[in-house]
>>> print(open('final_37.txt').read())   # compact mmCIF, C-alpha atoms
# COMPACT_ATOMS: atom_id res chain seq x y z
CA MET A 1 -36.20 -8.08 -47.65
CA PRO A 2 -33.80 -5.14 -48.09
CA GLU A 3 -34.28 -2.68 -45.24
CA LEU A 4 -33.09 0.84 -44.51
CA ALA A 5 -29.36 0.07 -44.52
CA GLU A 6 -29.55 -1.97 -47.71
CA LEU A 7 -31.49 0.78 -49.49
CA LYS A 8 -28.77 3.26 -48.52
CA LEU A 9 -26.15 0.92 -49.95
CA THR A 10 -28.19 0.46 -53.11
CA ALA A 11 -28.44 4.22 -53.64
CA ASP A 12 -24.70 4.50 -53.02
CA TYR A 13 -24.05 1.87 -55.67
CA VAL A 14 -26.25 3.59 -58.26
CA ASN A 15 -24.52 6.91 -57.61
CA LYS A 16 -20.99 5.49 -57.63
CA SER A 17 -21.53 3.41 -60.77
CA SER A 18 -23.32 6.29 -62.56
CA ASN A 19 -20.82 9.04 -61.77
CA GLY A 20 -19.81 10.64 -65.08
CA ILE A 21 -21.82 8.10 -67.09
CA VAL A 22 -24.18 9.09 -69.90
CA TYR A 23 -27.34 7.00 -70.35
CA THR A 24 -29.10 6.54 -73.68
CA ASN A 25 -32.23 4.47 -73.10
CA VAL A 26 -34.24 2.35 -70.67
CA LYS A 27 -36.27 -0.78 -71.38
CA LYS A 28 -38.56 -2.92 -69.23
CA ASN A 29 -38.48 -6.69 -69.36
CA PRO A 30 -41.72 -7.55 -71.25
CA GLN A 31 -42.29 -10.51 -68.92
CA HIS A 32 -42.62 -8.18 -65.93
CA LYS A 33 -46.06 -6.71 -65.18
CA GLY A 34 -44.63 -3.36 -64.13
CA SER A 35 -45.31 -0.20 -66.08
CA GLU A 36 -43.21 0.96 -69.00
CA LEU A 37 -40.93 3.94 -68.47
CA ASP A 38 -41.17 6.85 -70.88
CA ILE A 39 -37.89 8.78 -70.82
CA PRO A 40 -38.01 11.45 -73.57
CA PHE A 41 -34.34 12.45 -73.34
CA LYS A 42 -31.75 11.48 -75.96
CA TYR A 43 -29.04 11.37 -73.31
CA PHE A 44 -29.44 11.54 -69.54
CA LYS A 45 -27.69 11.17 -66.19
CA ILE A 46 -28.89 9.17 -63.18
CA THR A 47 -28.59 9.83 -59.46
CA ALA A 48 -30.38 8.09 -56.59
CA GLU A 49 -31.34 8.72 -52.98
CA SER A 50 -32.98 6.52 -50.39
CA LYS A 51 -35.53 7.16 -47.68
CA GLY A 52 -36.58 4.29 -45.45
CA LYS A 53 -37.52 1.42 -47.75
CA GLU A 54 -37.78 3.47 -50.94
CA ILE A 55 -35.37 4.73 -53.57
CA VAL A 56 -36.00 7.63 -55.92
CA MET A 57 -33.92 7.67 -59.08
CA HIS A 58 -33.56 11.09 -60.70
CA ILE A 59 -33.35 10.96 -64.49
CA LYS A 60 -31.81 14.25 -65.62
CA ASP A 61 -31.78 15.44 -69.22
CA ASP A 62 -28.17 15.91 -70.34
CA ASP A 63 -29.12 19.07 -72.30
CA SER A 64 -31.28 20.85 -69.72
CA GLU A 65 -32.24 20.96 -66.06
CA THR A 66 -35.34 18.80 -66.62
CA THR A 67 -35.50 15.86 -64.21
CA ILE A 68 -37.92 12.94 -63.98
CA PRO A 69 -38.19 11.03 -60.67
CA ILE A 70 -38.81 7.30 -60.52
CA ARG A 71 -39.88 5.83 -57.19
CA ILE A 72 -38.68 2.26 -56.65
CA THR A 73 -39.34 -0.24 -53.87
CA MET A 74 -37.01 -3.24 -53.72
CA GLY A 75 -39.53 -5.91 -52.73
CA MET A 76 -37.92 -9.04 -51.30
CA SER A 77 -34.82 -9.25 -53.44
CA GLY A 78 -34.38 -6.15 -55.60
CA HIS A 79 -30.93 -4.71 -56.28
CA PHE A 80 -28.94 -3.04 -59.06
CA LYS A 81 -26.06 -4.44 -61.06
CA VAL A 82 -23.81 -3.09 -63.83
CA THR A 83 -22.81 -5.48 -66.61
CA ASN A 84 -21.74 -5.31 -70.22
CA THR A 85 -24.74 -4.74 -72.46
CA GLY A 86 -26.08 -8.08 -73.61
CA GLN A 87 -24.90 -9.81 -70.44
CA GLU A 88 -27.62 -8.54 -68.10
CA PRO A 89 -28.75 -10.96 -65.35
CA LYS A 90 -31.67 -13.27 -66.09
CA HIS A 91 -34.02 -11.42 -63.76
CA ALA A 92 -33.15 -7.89 -64.92
CA HIS A 93 -36.53 -6.16 -65.15
CA LEU A 94 -35.39 -2.61 -65.87
CA LYS A 95 -32.35 -2.02 -68.07
CA PHE A 96 -30.75 1.41 -68.21
CA PHE A 97 -28.43 1.40 -71.21
CA ARG A 98 -25.25 3.48 -71.13
CA LYS A 99 -23.21 5.13 -73.85
CA ASP A 100 -20.10 3.16 -72.88
CA GLY A 101 -21.63 -0.22 -73.78
CA THR A 102 -22.70 -1.22 -70.28
CA THR A 103 -26.09 -1.56 -68.60
CA LEU A 104 -27.36 -0.69 -65.13
CA SER A 105 -30.05 -3.29 -64.37
CA PHE A 106 -32.71 -3.48 -61.69
CA VAL A 107 -32.59 -7.17 -60.79
CA ASP A 108 -35.41 -8.79 -58.84
CA VAL A 109 -35.58 -12.58 -58.67
CA ARG A 110 -38.90 -12.66 -56.80
CA ARG A 111 -40.54 -9.83 -58.77
CA PHE A 112 -42.01 -8.00 -55.78
CA GLY A 113 -40.20 -4.76 -56.57
CA LYS A 114 -42.25 -1.90 -58.02
CA TRP A 115 -41.53 1.37 -59.76
CA THR A 116 -43.58 4.45 -60.64
CA GLN A 117 -42.44 7.20 -62.97
CA GLY A 118 -43.13 10.79 -61.98
CA LEU A 119 -43.49 10.18 -58.24
CA SER A 120 -41.16 10.97 -55.38
CA TRP A 121 -41.61 9.77 -51.77
CA ASN A 122 -44.74 7.94 -50.63
CA GLU A 123 -46.65 10.22 -48.26
CA ASP A 124 -48.01 7.19 -46.39
CA ARG A 125 -44.53 6.42 -45.10
CA GLY A 126 -43.05 8.22 -42.13
CA PRO A 127 -39.77 10.16 -41.91
CA ASP A 128 -36.50 8.28 -42.28
CA PRO A 129 -35.13 7.65 -38.74
CA THR A 130 -31.52 8.08 -39.90
CA THR A 131 -31.73 11.23 -42.03
CA GLU A 132 -34.83 12.85 -40.49
CA PHE A 133 -34.48 11.75 -36.89
CA GLU A 134 -36.15 14.73 -35.20
CA GLU A 135 -39.15 14.51 -37.54
CA PHE A 136 -39.25 10.73 -37.03
CA LYS A 137 -39.21 11.10 -33.25
CA SER A 138 -41.83 13.87 -33.22
CA ASN A 139 -44.12 11.89 -35.50
CA ILE A 140 -44.22 9.08 -32.94
CA ILE A 141 -44.26 11.13 -29.73
CA ASN A 142 -47.07 13.34 -31.00
CA ASN A 143 -49.19 10.31 -31.92
CA ILE A 144 -48.22 7.89 -29.14
CA ASP A 145 -51.75 7.84 -27.64
CA ARG A 146 -53.37 6.68 -30.87
CA LYS A 147 -55.01 3.27 -30.77
CA VAL A 148 -52.44 1.85 -33.20
CA PHE A 149 -49.75 2.13 -30.51
CA ASN A 150 -51.70 -0.30 -28.33
CA LYS A 151 -50.20 -3.01 -30.53
CA PRO A 152 -47.23 -4.97 -29.19
CA LEU A 153 -43.89 -3.26 -29.67
CA TYR A 154 -42.56 -5.96 -31.99
CA GLU A 155 -45.55 -5.46 -34.27
CA ILE A 156 -45.62 -1.64 -34.47
CA LEU A 157 -41.92 -1.53 -35.37
CA MET A 158 -42.87 -3.00 -38.75
CA ASP A 159 -45.46 -0.27 -39.47
CA GLN A 160 -43.90 1.92 -42.17
CA LYS A 161 -46.17 4.86 -41.38
CA TRP A 162 -44.23 5.29 -38.15
CA PHE A 163 -41.00 3.30 -38.56
CA ASN A 164 -40.05 3.82 -42.18
CA GLY A 165 -37.22 1.50 -43.18
CA ILE A 166 -37.38 -0.75 -40.11
CA GLY A 167 -37.98 -4.33 -41.19
CA ASN A 168 -37.74 -7.83 -39.86
CA TYR A 169 -34.06 -8.10 -38.96
CA LEU A 170 -33.78 -4.50 -37.72
CA ARG A 171 -36.71 -4.81 -35.30
CA ALA A 172 -35.16 -7.96 -33.82
CA GLU A 173 -31.78 -6.29 -33.37
CA ILE A 174 -33.24 -3.06 -31.94
CA ILE A 175 -35.36 -4.86 -29.34
CA TYR A 176 -32.64 -7.34 -28.41
CA ARG A 177 -30.07 -4.61 -27.86
CA MET A 178 -32.46 -2.82 -25.46
CA GLY A 179 -32.15 -5.84 -23.18
CA ASN A 180 -34.89 -5.04 -20.68
CA VAL A 181 -37.68 -4.19 -23.15
CA ASN A 182 -40.48 -6.76 -23.39
CA PRO A 183 -41.42 -6.92 -27.08
CA PHE A 184 -44.86 -8.34 -26.35
CA LEU A 185 -46.12 -5.42 -24.27
CA PRO A 186 -48.05 -2.53 -25.88
CA ALA A 187 -45.82 -0.19 -27.84
CA ASN A 188 -47.15 3.01 -26.22
CA GLN A 189 -46.27 1.76 -22.74
CA GLN A 190 -42.81 0.60 -23.79
CA LEU A 191 -41.92 3.68 -25.84
CA LYS A 192 -42.91 6.00 -23.01
CA LYS A 193 -40.87 4.00 -20.50
CA TYR A 194 -37.90 3.45 -22.80
CA PRO A 195 -37.61 6.37 -25.26
CA GLU A 196 -34.11 5.12 -26.09
CA ILE A 197 -35.84 2.69 -28.46
CA LEU A 198 -36.24 5.60 -30.86
CA GLU A 199 -32.53 6.36 -30.69
CA LEU A 200 -31.75 2.77 -31.63
CA CYS A 201 -34.07 3.10 -34.64
CA LYS A 202 -31.42 5.52 -35.91
CA ASP A 203 -28.26 3.93 -34.54
CA ILE A 204 -28.84 0.27 -35.45
CA PRO A 205 -29.65 0.89 -39.15
CA MET A 206 -26.59 3.15 -39.37
CA LEU A 207 -24.47 0.43 -37.77
CA ALA A 208 -25.81 -2.08 -40.30
CA TYR A 209 -25.04 0.38 -43.09
CA ALA A 210 -21.49 0.93 -41.83
CA LYS A 211 -20.91 -2.82 -41.69
CA GLY A 212 -22.04 -3.34 -45.27
CA GLY A 213 -25.68 -4.29 -44.70
CA GLY A 214 -27.35 -7.31 -43.18
CA SER A 215 -26.98 -10.80 -44.59
CA ILE A 216 -30.42 -11.27 -46.08
CA LYS A 217 -31.80 -14.12 -48.14
CA ASP A 218 -32.21 -13.32 -51.86
CA TRP A 219 -30.55 -9.88 -51.54
CA ASP A 220 -27.17 -9.36 -53.14
CA ASN A 221 -24.96 -6.64 -51.72
CA PRO A 222 -24.27 -4.40 -54.74
CA PHE A 223 -20.68 -3.85 -53.61
CA GLY A 224 -20.03 -7.59 -53.59
CA GLU A 225 -16.62 -8.59 -52.28
CA ASN A 226 -15.81 -4.98 -51.41
CA ALA A 227 -18.57 -4.88 -48.78
CA ILE A 228 -17.50 -4.90 -45.14
CA GLN A 229 -17.79 -8.47 -43.90
CA GLU A 230 -18.39 -8.02 -40.18
CA LYS A 231 -20.81 -9.89 -37.95
CA PHE A 232 -23.80 -7.70 -37.23
CA MET A 233 -26.73 -9.95 -36.33
CA LEU A 234 -26.89 -10.78 -32.62
CA CYS A 235 -30.52 -11.92 -32.50
CA TYR A 236 -31.98 -12.37 -35.99
CA GLY A 237 -31.18 -15.83 -37.34
CA ASN A 238 -29.30 -16.78 -34.16
CA PRO A 239 -30.12 -20.44 -33.29
CA LYS A 240 -29.89 -19.57 -29.59
CA MET A 241 -32.86 -17.22 -29.96
CA LEU A 242 -36.56 -18.08 -30.25
CA LYS A 243 -38.97 -17.08 -32.99
CA ILE A 244 -42.68 -16.79 -33.67
CA LYS A 245 -44.70 -15.63 -36.65
CA ASP A 246 -46.43 -12.27 -36.30
CA LYS A 247 -49.93 -11.72 -37.64
CA ASN A 248 -48.50 -10.77 -41.03
CA GLY A 249 -46.64 -14.06 -41.30
CA ARG A 250 -43.20 -12.52 -40.70
CA MET A 251 -40.87 -14.38 -38.35
CA PHE A 252 -39.94 -12.44 -35.22
CA TRP A 253 -36.72 -13.45 -33.45
CA TYR A 254 -36.50 -12.69 -29.72
CA ASP A 255 -34.58 -13.35 -26.53
CA PRO A 256 -35.61 -16.66 -24.86
CA LYS A 257 -36.08 -14.88 -21.55
CA TRP A 258 -39.45 -13.60 -22.85
CA GLN A 259 -40.70 -17.14 -23.50
CA GLU A 260 -42.21 -17.42 -20.03
CA VAL A 261 -44.40 -14.40 -20.72
CA LEU A 262 -45.66 -15.85 -23.98
CA HIS A 263 -46.67 -19.16 -22.40
CA ASP A 264 -47.90 -17.98 -19.01
CA ASP A 265 -51.31 -19.62 -18.51
CA ASN A 266 -52.42 -16.59 -16.53
CA LEU A 267 -52.05 -14.54 -19.69
CA LYS A 268 -53.96 -16.80 -22.07
CA ASP A 269 -56.60 -14.08 -22.50
CA TRP A 270 -53.95 -11.72 -23.90
CA ASP A 271 -54.29 -11.52 -27.67
CA TYR A 272 -50.71 -10.82 -28.76
CA TYR A 273 -51.64 -10.69 -32.38
CA SER A 274 -54.27 -7.98 -32.12
CA GLY A 275 -52.17 -6.10 -29.61
CA LEU A 276 -55.13 -5.46 -27.33
CA PRO A 277 -54.58 -7.24 -23.98
CA SER A 278 -57.37 -7.52 -21.49
CA PRO A 279 -57.00 -5.20 -18.47
CA SER A 280 -56.21 -8.09 -16.13
CA ALA A 281 -53.47 -9.48 -18.35
CA TYR A 282 -52.02 -6.04 -19.00
CA GLU A 283 -51.75 -5.19 -15.33
CA ARG A 284 -50.45 -8.66 -14.48
CA VAL A 285 -47.40 -8.29 -16.73
CA ILE A 286 -46.65 -4.63 -16.09
CA ASN A 287 -46.70 -5.04 -12.33
CA GLU A 288 -44.29 -7.97 -12.26
>>> encode(input="final_37.txt", output="C-alpha cells")
Amino acid sequence: MPELAELKLTADYVNKSSNGIVYTNVKKNPQHKGSELDIPFKYFKITAESKGKEIVMHIKDDDSETTIPIRITMGMSGHFKVTNTGQEPKHAHLKFFRKDGTTLSFVDVRRFGKWTQGLSWNEDRGPDPTTEFEEFKSNIINNIDRKVFNKPLYEILMDQKWFNGIGNYLRAEIIYRMGNVNPFLPANQQLKKYPEILELCKDIPMLAYAKGGGSIKDWDNPFGENAIQEKFMLCYGNPKMLKIKDKNGRMFWYDPKWQEVLHDDNLKDWDYYSGLPSPSAYERVINE
C-alpha cells in the first residue's frame, strides 16, 4: 500500500505533469463503483498536495479563482499516469482529459482507492509527521495516557488517527532502526521511554521519499526509471527478519532478537493482539 513517501511522490508527479497544462474534462470508468465527478468548468488547471495517506487535488477554473477539492486515497495500488488520450491503462478509473491530447489517469488495479469531490482532509486522521511535526508530536504526547496507547507499539503505529501516513513498511523500518525498542510492549511505555520514535516518524518517511519511495507490491513509482534506485528497506521484506500477522491481518516484520519474548512460556497470558498484557506479564518483561 502506498504510504506517506509514496503519496508525496504521487503529488509531485501530478504537479510536475500538470504544470502549464489546461484540462478540459474528467470521466469515471463506468465499471468502477466510485462516485461521478461533476466539474462545471470549461477549462481548468490541476494541482495536488499530500498529507499522510491522502491526496487532495485542486481543480481550479481557468477563468476565475473558483477551486473544487477532490480528496483521494490510493488504496493498495493507486497511482497516476499520463498517456496519450485513447491509450489510457486498462485500470484507469478516473481520466482527466487535457487540451494537448493527453490524459492524466488515476490507475488502481485493485480498486481500493476512493475519491470524494468537495472534501479536503479527513478530520479523523492526525497531523502529517513530516509537514506538521510539532502538531503530530503534541497530538500524541497530550493523549499518551489514553487507553488506546496500551496497545503494542507495532500496532499503534498503524493507527492513522495518531500516525497519519505510517503504514506497514514504515513501521517496520522505524522500529528496527531504533534498535533497542521492543515492538511488543505497550506503546505508551515505549514512547515515554524512547521519544526519539516520534522523530523517526518524520525522518524515515522523508528518507524513503528522498530515495524515490519504497518498493511496494502493486504500486508503480510515477517517475518510473527516473526514480532514485537506492536500497532503503533494512527490515521489511528482509529474509533474515521474522514476521507475524497483526490483528488486522497485516504482516509485521521485526528483528529476530524479539522472538524470545514472543514465545516465552512465562508470558503466555500476554495478549499481544489486544495490547492489554496482564500485570504479571507486563512487569516480567519491563523488569528484564
>>> closest_residue(input="final_37.txt", among="A:Val181, A:Ile140, A:Met76, A:Val22", to="A:Asn164", atoms="all atoms listed in the file")
A:Ile140
>>> residues_around(input="final_37.txt", residues="A:Leu200", least_positions_apart="2", cutoff="10 Å", atoms="only C-alpha atoms", output="number ranges by chain")
A: 129-130, 170-171, 173-175, 177-178, 195-198, 202-207
>>> residues_around(input="final_37.txt", residues="stretch 96-101 of chain A", least_positions_apart="2", cutoff="7 Å", atoms="only C-alpha atoms", output="NGL selection string")
:A and (22-27 or 84-85 or 94 or 103-105)
>>> atom_distance(input="final_37.txt", atom1="atom CA of A:Phe80", atom2="atom CA of A:Gly212")
15.4 Å
>>> atom_distance(input="final_37.txt", atom1="atom CA of A:Met241", atom2="atom CA of A:Pro152")
18.9 Å
>>> atom_distance(input="final_37.txt", atom1="atom CA of A:Val56", atom2="atom CA of A:Ile70")
5.4 Å
>>> axis_aligned_box(input="final_37.txt", around="stretch 190-193 of chain A", padding_each_side="6 Å", output="JSON")
{"center_x": -41.9, "center_y": 3.3, "center_z": -23.2, "size_x": 14.0, "size_y": 17.4, "size_z": 17.3}
>>> residues_around(input="final_37.txt", residues="stretch 49-54 of chain A", least_positions_apart="2", cutoff="9 Å", atoms="only C-alpha atoms", output="PyMOL selection string")
chain A and resi 2-12+14-15+47+56-58+71-74+121-122+125-131+160+163-167
>>> closest_residue(input="final_37.txt", among="A:Phe184, A:Ser64, A:Thr102, A:Trp115", to="A:Glu260", atoms="only C-alpha atoms")
A:Phe184
